[in-house]
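J.: Input my_file-v9.txt, format and content: compact mmCIF, C-alpha atoms.
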```
# COMPACT_ATOMS: atom_id res chain seq x y z
CA MET A 1 132.43 125.87 89.64
CA LYS A 2 130.42 122.86 88.48
CA ALA A 3 129.95 122.05 84.82
CA PRO A 4 126.53 123.13 83.45
CA LYS A 5 125.29 119.53 83.28
CA ASN A 6 126.57 118.62 86.74
CA LYS A 7 123.43 118.19 88.86
CA THR A 8 125.14 116.97 92.03
CA ILE A 9 123.45 118.19 95.21
CA ASP A 10 126.20 119.31 97.59
CA LEU A 11 124.62 122.30 99.33
CA PRO A 12 126.80 123.35 102.30
CA LEU A 13 125.23 123.51 105.72
CA ASP A 14 125.57 127.29 106.02
CA GLU A 15 123.42 127.68 102.88
CA GLY A 16 120.88 125.03 103.80
CA GLY A 17 119.33 126.54 106.90
CA ALA A 18 115.83 126.64 105.43
CA TYR A 19 115.99 122.94 104.60
CA LEU A 20 117.42 122.00 107.99
CA ALA A 21 114.62 123.93 109.68
CA ARG A 22 112.11 121.54 108.12
CA CYS A 23 113.68 118.59 109.92
CA LEU A 24 112.39 117.19 113.17
CA ARG A 25 114.66 116.96 116.21
CA ALA A 26 113.20 114.36 118.54
CA ASP A 27 114.23 114.45 122.20
CA THR A 28 110.98 113.24 123.75
CA PRO A 29 108.57 110.42 122.78
CA CYS A 30 107.13 111.17 119.35
CA ALA A 31 103.64 110.39 118.06
CA LEU A 32 103.36 108.75 114.66
CA GLY A 33 101.63 111.77 113.17
CA ASP A 34 104.54 113.98 114.16
CA ALA A 35 107.19 111.66 112.71
CA LEU A 36 105.41 110.65 109.50
CA ASP A 37 106.99 111.98 106.29
CA ARG A 38 109.69 113.73 108.27
CA THR A 39 113.45 113.76 108.18
CA ILE A 40 114.54 113.38 111.80
CA CYS A 41 117.95 114.90 112.45
CA GLY A 42 119.61 112.82 115.14
CA ASP A 43 121.44 109.63 116.00
CA CYS A 44 119.24 106.58 115.42
CA PHE A 45 120.37 105.11 118.75
CA ASP A 46 118.80 108.12 120.46
CA VAL A 47 115.77 108.54 118.18
CA LEU A 48 114.50 104.97 117.69
CA PRO A 49 113.44 104.55 121.36
CA LEU A 50 111.27 107.67 121.01
CA LEU A 51 109.18 106.39 118.09
CA PRO A 52 105.90 104.46 118.44
CA ARG A 53 106.03 100.65 118.43
CA SER A 54 104.67 98.65 115.47
CA CYS A 55 104.44 101.68 113.21
CA ALA A 56 106.40 100.59 110.12
CA ASP A 57 105.46 98.20 107.33
CA LEU A 58 109.00 98.12 105.98
CA LEU A 59 112.41 98.68 107.52
CA ILE A 60 115.18 99.60 105.07
CA ALA A 61 118.60 99.94 106.65
CA ASP A 62 121.82 100.97 104.94
CA PRO A 63 124.15 101.12 107.95
CA PRO A 64 127.83 102.02 107.66
CA TYR A 65 129.70 99.03 106.31
CA ASN A 66 132.54 97.90 108.50
CA LEU A 67 135.01 100.16 106.70
CA ARG A 68 136.82 103.33 107.63
CA LYS A 69 134.84 106.11 105.98
CA ASP A 70 134.46 109.87 106.41
CA TYR A 71 130.86 110.96 105.98
CA HIS A 72 131.52 114.69 105.64
CA GLY A 73 132.89 115.11 109.14
CA VAL A 74 131.21 112.11 110.76
CA ARG A 75 133.80 109.33 110.75
CA PHE A 76 133.11 105.64 111.01
CA ASP A 77 136.12 103.48 111.88
CA ARG A 78 136.49 99.83 111.03
CA MET A 79 135.90 97.53 114.01
CA ARG A 80 136.70 93.97 114.90
CA ASP A 81 133.96 91.67 113.61
CA GLU A 82 132.69 91.01 117.14
CA ASP A 83 132.43 94.75 117.82
CA TYR A 84 130.62 95.34 114.53
CA ALA A 85 128.26 92.51 115.44
CA ALA A 86 127.52 94.21 118.77
CA TYR A 87 126.95 97.54 116.97
CA THR A 88 124.56 95.85 114.52
CA ALA A 89 122.70 93.97 117.24
CA ARG A 90 122.22 97.20 119.14
CA TRP A 91 120.50 99.09 116.32
CA LEU A 92 118.50 96.04 115.25
CA ASP A 93 117.12 95.59 118.75
CA LEU A 94 116.04 99.23 118.78
CA ALA A 95 114.54 99.22 115.29
CA LEU A 96 112.70 95.88 115.14
CA PRO A 97 110.09 96.75 117.80
CA LEU A 98 108.95 99.52 115.45
CA LEU A 99 108.11 96.95 112.77
CA LYS A 100 104.54 95.69 112.37
CA PRO A 101 103.95 91.96 113.00
CA ASP A 102 103.64 91.43 109.23
CA GLY A 103 106.50 93.76 108.34
CA SER A 104 109.60 93.18 106.23
CA VAL A 105 113.25 94.14 106.56
CA TYR A 106 116.01 94.85 104.06
CA VAL A 107 119.59 95.47 105.21
CA CYS A 108 122.33 96.59 102.82
CA CYS A 109 125.84 95.15 103.21
CA ASP A 110 129.12 94.64 101.43
CA TRP A 111 130.56 91.14 101.22
CA ARG A 112 132.41 91.41 104.54
CA SER A 113 129.65 92.98 106.67
CA SER A 114 127.15 90.57 105.10
CA LEU A 115 128.87 87.71 106.93
CA VAL A 116 128.15 89.47 110.24
CA ILE A 117 124.68 90.84 109.55
CA GLY A 118 123.09 87.73 108.02
CA PRO A 119 123.40 85.55 111.16
CA LEU A 120 122.16 88.37 113.40
CA LEU A 121 119.05 88.76 111.26
CA SER A 122 118.42 85.01 111.27
CA GLU A 123 118.41 85.06 115.10
CA ARG A 124 115.66 87.68 115.19
CA LEU A 125 113.65 87.24 111.98
CA THR A 126 112.89 84.78 109.21
CA LEU A 127 115.46 85.14 106.46
CA ARG A 128 113.84 84.99 103.03
CA ASN A 129 116.63 85.77 100.58
CA ARG A 130 119.88 87.53 99.87
CA ILE A 131 119.80 89.96 96.97
CA THR A 132 123.05 90.71 95.18
CA TRP A 133 123.23 93.81 93.03
CA GLN A 134 125.86 94.83 90.54
CA ARG A 135 127.52 98.14 91.28
CA GLU A 136 129.20 99.07 88.02
CA LYS A 137 131.48 101.54 89.77
CA GLY A 138 134.35 100.41 91.95
CA ARG A 139 138.06 100.76 92.56
CA GLY A 140 140.33 98.20 90.96
CA ALA A 141 142.84 96.19 92.99
CA SER A 142 146.15 94.68 91.99
CA ARG A 143 146.04 91.75 94.45
CA ASN A 144 142.32 91.02 94.73
CA TRP A 145 139.13 91.04 92.72
CA LYS A 146 137.46 94.39 92.22
CA ASN A 147 134.46 94.84 94.51
CA ALA A 148 131.56 95.30 92.08
CA LEU A 149 128.72 93.61 94.01
CA GLU A 150 126.79 94.36 97.18
CA ASP A 151 124.27 92.35 99.19
CA ILE A 152 120.84 93.14 100.60
CA TRP A 153 119.39 90.71 103.15
CA PHE A 154 115.60 90.23 102.99
CA ALA A 155 113.83 89.06 106.15
CA THR A 156 110.33 89.16 107.60
CA ALA A 157 108.89 89.38 111.09
CA SER A 158 106.51 86.45 110.46
CA ASP A 159 105.18 84.14 107.76
CA SER A 160 102.45 86.68 107.03
CA TYR A 161 103.99 89.53 105.03
CA TRP A 162 103.33 91.74 102.01
CA PHE A 163 105.17 90.85 98.79
CA ASP A 164 104.06 92.11 95.38
CA ALA A 165 106.18 90.37 92.74
CA GLY A 166 104.06 91.83 89.94
CA ALA A 167 105.06 95.37 90.93
CA VAL A 168 108.76 94.75 90.38
CA ARG A 169 108.93 92.99 87.05
CA GLN A 170 111.91 93.75 84.83
CA ARG A 171 111.73 94.52 81.11
CA ARG A 172 114.61 92.82 79.30
CA ARG A 173 115.64 92.91 75.68
CA VAL A 174 115.04 89.60 73.91
CA LEU A 175 118.18 88.31 72.20
CA ALA A 176 116.90 84.92 71.06
CA PRO A 177 113.15 85.33 70.33
CA TYR A 178 111.08 82.17 70.47
CA ARG A 179 107.84 81.87 68.54
CA GLN A 180 104.92 79.52 68.95
CA ASP A 181 102.62 79.08 65.93
CA GLY A 182 104.38 82.02 64.38
CA GLN A 183 103.59 84.35 67.27
CA PRO A 184 105.98 85.79 69.90
CA LYS A 185 106.17 83.54 72.96
CA ASP A 186 106.27 85.62 76.18
CA TRP A 187 107.76 88.69 74.49
CA GLU A 188 106.56 91.74 72.60
CA GLU A 189 107.68 93.27 69.33
CA THR A 190 107.89 97.07 69.56
CA ALA A 191 109.26 99.88 67.42
CA ASP A 192 112.21 100.02 69.83
CA GLY A 193 112.98 96.30 69.78
CA ARG A 194 111.87 93.03 71.31
CA PHE A 195 111.25 92.94 75.06
CA ARG A 196 110.11 90.47 77.70
CA ASP A 197 108.80 91.28 81.16
CA THR A 198 110.47 88.87 83.59
CA ALA A 199 109.85 87.90 87.20
CA PRO A 200 112.16 89.61 89.71
CA SER A 201 115.18 87.62 90.81
CA ASN A 202 117.72 88.03 93.61
CA PHE A 203 120.41 89.27 91.22
CA TRP A 204 120.04 92.85 90.02
CA ASP A 205 122.18 93.96 87.10
CA ASP A 206 120.06 96.91 86.00
CA LEU A 207 121.13 99.56 88.53
CA SER A 208 123.27 102.64 87.99
CA VAL A 209 125.07 104.19 90.93
CA PRO A 210 124.06 107.89 90.84
CA TYR A 211 126.52 110.04 88.93
CA TRP A 212 127.05 113.75 88.32
CA SER A 213 124.50 114.30 85.52
CA MET A 214 121.62 112.56 87.33
CA PRO A 215 119.22 114.85 89.25
CA GLU A 216 119.19 112.44 92.22
CA ASN A 217 122.97 112.54 92.65
CA THR A 218 124.46 114.02 95.81
CA ALA A 219 127.97 114.24 97.22
CA HIS A 220 127.21 111.45 99.70
CA PRO A 221 130.02 108.86 99.41
CA THR A 222 127.78 105.77 99.53
CA GLN A 223 124.47 106.92 98.05
CA LYS A 224 122.07 104.19 96.90
CA PRO A 225 120.04 104.62 93.69
CA GLU A 226 116.38 105.59 93.93
CA LYS A 227 115.70 102.69 91.56
CA LEU A 228 117.10 100.23 94.10
CA MET A 229 114.92 101.69 96.86
CA ALA A 230 111.89 101.65 94.55
CA LYS A 231 112.25 97.88 94.08
CA LEU A 232 112.34 97.26 97.83
CA ILE A 233 109.41 99.56 98.50
CA LEU A 234 107.13 98.36 95.69
CA ALA A 235 107.76 94.72 96.59
CA SER A 236 107.42 94.93 100.37
CA CYS A 237 105.43 98.00 101.41
CA PRO A 238 101.71 98.27 100.59
CA PRO A 239 100.40 101.51 99.07
CA GLY A 240 100.04 104.07 101.82
CA GLY A 241 102.31 102.06 104.11
CA VAL A 242 105.22 103.34 106.19
CA VAL A 243 108.92 102.94 105.37
CA LEU A 244 111.37 103.36 108.24
CA ASP A 245 115.03 104.13 107.50
CA PRO A 246 117.30 104.61 110.54
CA PHE A 247 120.37 105.44 108.39
CA LEU A 248 118.76 107.82 105.91
CA GLY A 249 121.91 109.35 104.43
CA SER A 250 121.02 111.73 101.61
CA GLY A 251 117.45 110.42 101.49
CA SER A 252 117.07 107.89 98.66
CA SER A 253 114.54 105.75 100.55
CA ALA A 254 112.46 108.75 101.63
CA VAL A 255 112.43 110.23 98.13
CA ALA A 256 111.47 106.90 96.54
CA ALA A 257 108.72 106.40 99.14
CA LYS A 258 107.31 109.85 98.42
CA LYS A 259 107.33 109.25 94.67
CA LEU A 260 105.63 105.86 95.07
CA GLY A 261 102.81 106.93 97.38
CA ARG A 262 104.21 105.57 100.64
CA HIS A 263 104.94 107.34 103.91
CA PHE A 264 108.39 107.44 105.45
CA ILE A 265 110.23 108.07 108.69
CA GLY A 266 113.90 108.82 108.10
CA ILE A 267 116.64 109.29 110.70
CA GLU A 268 120.00 110.87 109.84
CA GLN A 269 122.63 112.16 112.24
CA ASN A 270 124.57 114.35 109.79
CA PRO A 271 122.81 117.73 109.43
CA ARG A 272 124.33 118.28 105.99
CA TYR A 273 122.81 115.08 104.67
CA CYS A 274 119.47 116.12 106.17
CA VAL A 275 119.70 119.29 104.08
CA TRP A 276 120.33 117.27 100.93
CA CYS A 277 117.44 114.95 101.72
CA GLU A 278 115.03 117.85 102.18
CA LYS A 279 116.25 119.39 98.93
CA ARG A 280 115.55 116.11 97.13
CA LEU A 281 112.10 115.80 98.72
CA GLU A 282 111.32 119.29 97.45
CA MET A 283 112.41 118.23 93.97
CA ALA A 284 110.30 115.05 94.22
CA ALA A 285 107.19 117.12 94.77
CA ARG A 286 107.75 118.59 91.28
CA ASP A 287 109.07 115.51 89.50
CA GLY A 288 108.00 112.02 90.52
CA ASN A 289 110.10 110.14 87.97
CA ILE A 290 112.52 107.43 89.05
CA GLN A 291 115.31 106.82 86.59
CA GLY A 292 115.05 103.29 85.20
CA TYR A 293 111.41 102.78 86.23
CA ALA A 294 108.65 103.55 83.72
CA ASP A 295 105.39 102.02 82.49
CA GLY A 296 105.17 100.05 85.74
CA VAL A 297 108.32 98.02 85.05
CA PHE A 298 112.05 98.27 85.73
CA TRP A 299 114.07 98.63 82.56
CA GLU A 300 117.54 97.34 81.88
CA ARG A 301 120.37 99.75 82.56
CA ASN A 302 120.84 102.36 79.81
CA THR A 303 117.84 101.14 77.81
CA TYR A 304 117.18 103.68 75.06
CA ALA A 305 113.46 102.92 74.81
CA MET A 306 112.97 103.71 78.50
CA GLN A 307 114.87 106.98 78.16
CA LYS A 308 112.57 108.09 75.35
CA ARG A 309 109.47 107.31 77.41
CA LYS A 310 110.77 109.47 80.27
CA LYS A 311 110.96 112.60 78.08
```
Reformat the file's structure so that it appears as structure tokens.
T.:
Amino acid sequence: MKAPKNKTIDLPLDEGGAYLARCLRADTPCALGDALDRTICGDCFDVLPLLPRSCADLLIADPPYNLRKDYHGVRFDRMRDEDYAAYTARWLDLALPLLKPDGSVYVCCDWRSSLVIGPLLSERLTLRNRITWQREKGRGASRNWKNALEDIWFATASDSYWFDAGAVRQRRRVLAPYRQDGQPKDWEETADGRFRDTAPSNFWDDLSVPYWSMPENTAHPTQKPEKLMAKLILASCPPGGVVLDPFLGSGSSAVAAKKLGRHFIGIEQNPRYCVWCEKRLEMAARDGNIQGYADGVFWERNTYAMQKRKK
């Protein structure tokens, strides 16, 4: 039995038949209208060739890192670097034709897989940046540094691409307020404290890995925060655009896209995760909030003022 405040979504497959029935199973070429805003239950290596070319404004990929991991019955085993490179090249070469000529790509990695994925992206696209985000959770080690950071490579298909820096500004607490002629310089005095809206950088220290009391939390072992996905989507997908995710997992990118007025195409091979994704999409139709994002800005982690505004 879960504690009353435990909101983790872990619906078993035998109880999620209604959600699984909503998912698309593609085994023949699929028109965009049929795939749009759908969770496609299948292996991305089989599904990607069936989708229409040049349909996506943004590709977000969170592939299995090169680690041994059990995804609720679907196991991924660690490979030699050259084999992982071949695996990555294979899905990239299937996914990139679905990207529009002015589209953007984000690929999530840990420090080890980043060394493999970065060069492969640079061979196919124009690398723009490497985002590093602070994951406050992590297992300690006695003979190494604790892994508390992950990477996200940012690349584009051409020099013409959508990027809205104003949509992803961060609101930070001002610790050393500077005044000019007695007035706040680039910060605001509020009843909750002093804050400054800053330009987005490639280091993100404001994210919380979903935990048991958050409505977005699932039992997926490597779930990404909706807040993280919201940053990628707001920055690099125009309103009404299409987000493609070939490794959908429990659906964070699809849910964030839905809440932010974008379309999505999500592919996930594990039927149980498809159930969780559909459950979250149902919840998103009733509640469009994204924890940590309010008033059009991204707030620092655990900011009290933001929490009050969400109520």
J.: Record the distance separating CA of Pro225 in chain A and CA of Ser160 in chain A, expressed in Å with one decimal.
T.: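 Separating CA of Pro225 in chain A from CA of Ser160 in chain A is a distance of 28.4 Å.
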J.: For Ala285 in chain A, work out the shell of residues within 10 Å, counting only C-alpha atoms and skipping chain neighbours fewer than 5 positions away, then give it as a ChimeraX atom specification.
T.: /A:255,258-259,280
J.: Write out as an MDAnalysis selection string the residues lying within 8 Å of Ala31 in chain A, counting all atoms listed in the file and excluding same-chain residues fewer than 3 positions away.
T.: chainID A and resid 34:35 51:52
J.: Could you turn the residues from that selection into a file that holds C-alpha atoms, as a tab-separated table (two decimals), keeping the file's coordinate frame?
T.:
```tsv
chain	number	residue	atom	x	y	z
A	34	ASP	CA	104.54	113.98	114.16
A	35	ALA	CA	107.19	111.66	112.71
A	51	LEU	CA	109.18	106.39	118.09
A	52	PRO	CA	105.90	104.46	118.44
```
J.: Measuring atom to atom with all atoms listed in the file, identify which of A:Ala148, A:Leu99, A:Ala61, A:Ile290 is nearest to Phe247 in chain A.
T.: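 When distances to Phe247 in chain A are compared using all atoms listed in the file, the smallest one comes from A:Ala61.
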J.: Once you count only C-alpha atoms, which residues end up no further than 10 Å from (123.1, 107.3, 102.9) in the file's frame, shown as a ChimeraX atom specification?
T.: /A:61-64,71,218,220-224,245-253,268,270,273,277
J.: Save out the residues we just selected, C-alpha atoms, as a PDB file, in the frame of the given file.
T.:
```
ATOM      1  CA  ALA A  61     118.600  99.940 106.650  1.00  0.00           C
ATOM      2  CA  ASP A  62     121.820 100.970 104.940  1.00  0.00           C
ATOM      3  CA  PRO A  63     124.150 101.120 107.950  1.00  0.00           C
ATOM      4  CA  PRO A  64     127.830 102.020 107.660  1.00  0.00           C
ATOM      5  CA  TYR A  71     130.860 110.960 105.980  1.00  0.00           C
ATOM      6  CA  THR A 218     124.460 114.020  95.810  1.00  0.00           C
ATOM      7  CA  HIS A 220     127.210 111.450  99.700  1.00  0.00           C
ATOM      8  CA  PRO A 221     130.020 108.860  99.410  1.00  0.00           C
ATOM      9  CA  THR A 222     127.780 105.770  99.530  1.00  0.00           C
ATOM     10  CA  GLN A 223     124.470 106.920  98.050  1.00  0.00           C
ATOM     11  CA  LYS A 224     122.070 104.190  96.900  1.00  0.00           C
ATOM     12  CA  ASP A 245     115.030 104.130 107.500  1.00  0.00           C
ATOM     13  CA  PRO A 246     117.300 104.610 110.540  1.00  0.00           C
ATOM     14  CA  PHE A 247     120.370 105.440 108.390  1.00  0.00           C
ATOM     15  CA  LEU A 248     118.760 107.820 105.910  1.00  0.00           C
ATOM     16  CA  GLY A 249     121.910 109.350 104.430  1.00  0.00           C
ATOM     17  CA  SER A 250     121.020 111.730 101.610  1.00  0.00           C
ATOM     18  CA  GLY A 251     117.450 110.420 101.490  1.00  0.00           C
ATOM     19  CA  SER A 252     117.070 107.890  98.660  1.00  0.00           C
ATOM     20  CA  SER A 253     114.540 105.750 100.550  1.00  0.00           C
ATOM     21  CA  GLU A 268     120.000 110.870 109.840  1.00  0.00           C
ATOM     22  CA  ASN A 270     124.570 114.350 109.790  1.00  0.00           C
ATOM     23  CA  TYR A 273     122.810 115.080 104.670  1.00  0.00           C
ATOM     24  CA  CYS A 277     117.440 114.950 101.720  1.00  0.00           C
TER      25      CYS A 277
END
```
J.: In Å to one decimal, how far is CA of Ile265 in chain A from CA of Ile131 in chain A?
T.: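 Atom-to-atom, CA of Ile131 in chain A and CA of Ile265 in chain A are spaced 23.6 Å apart.
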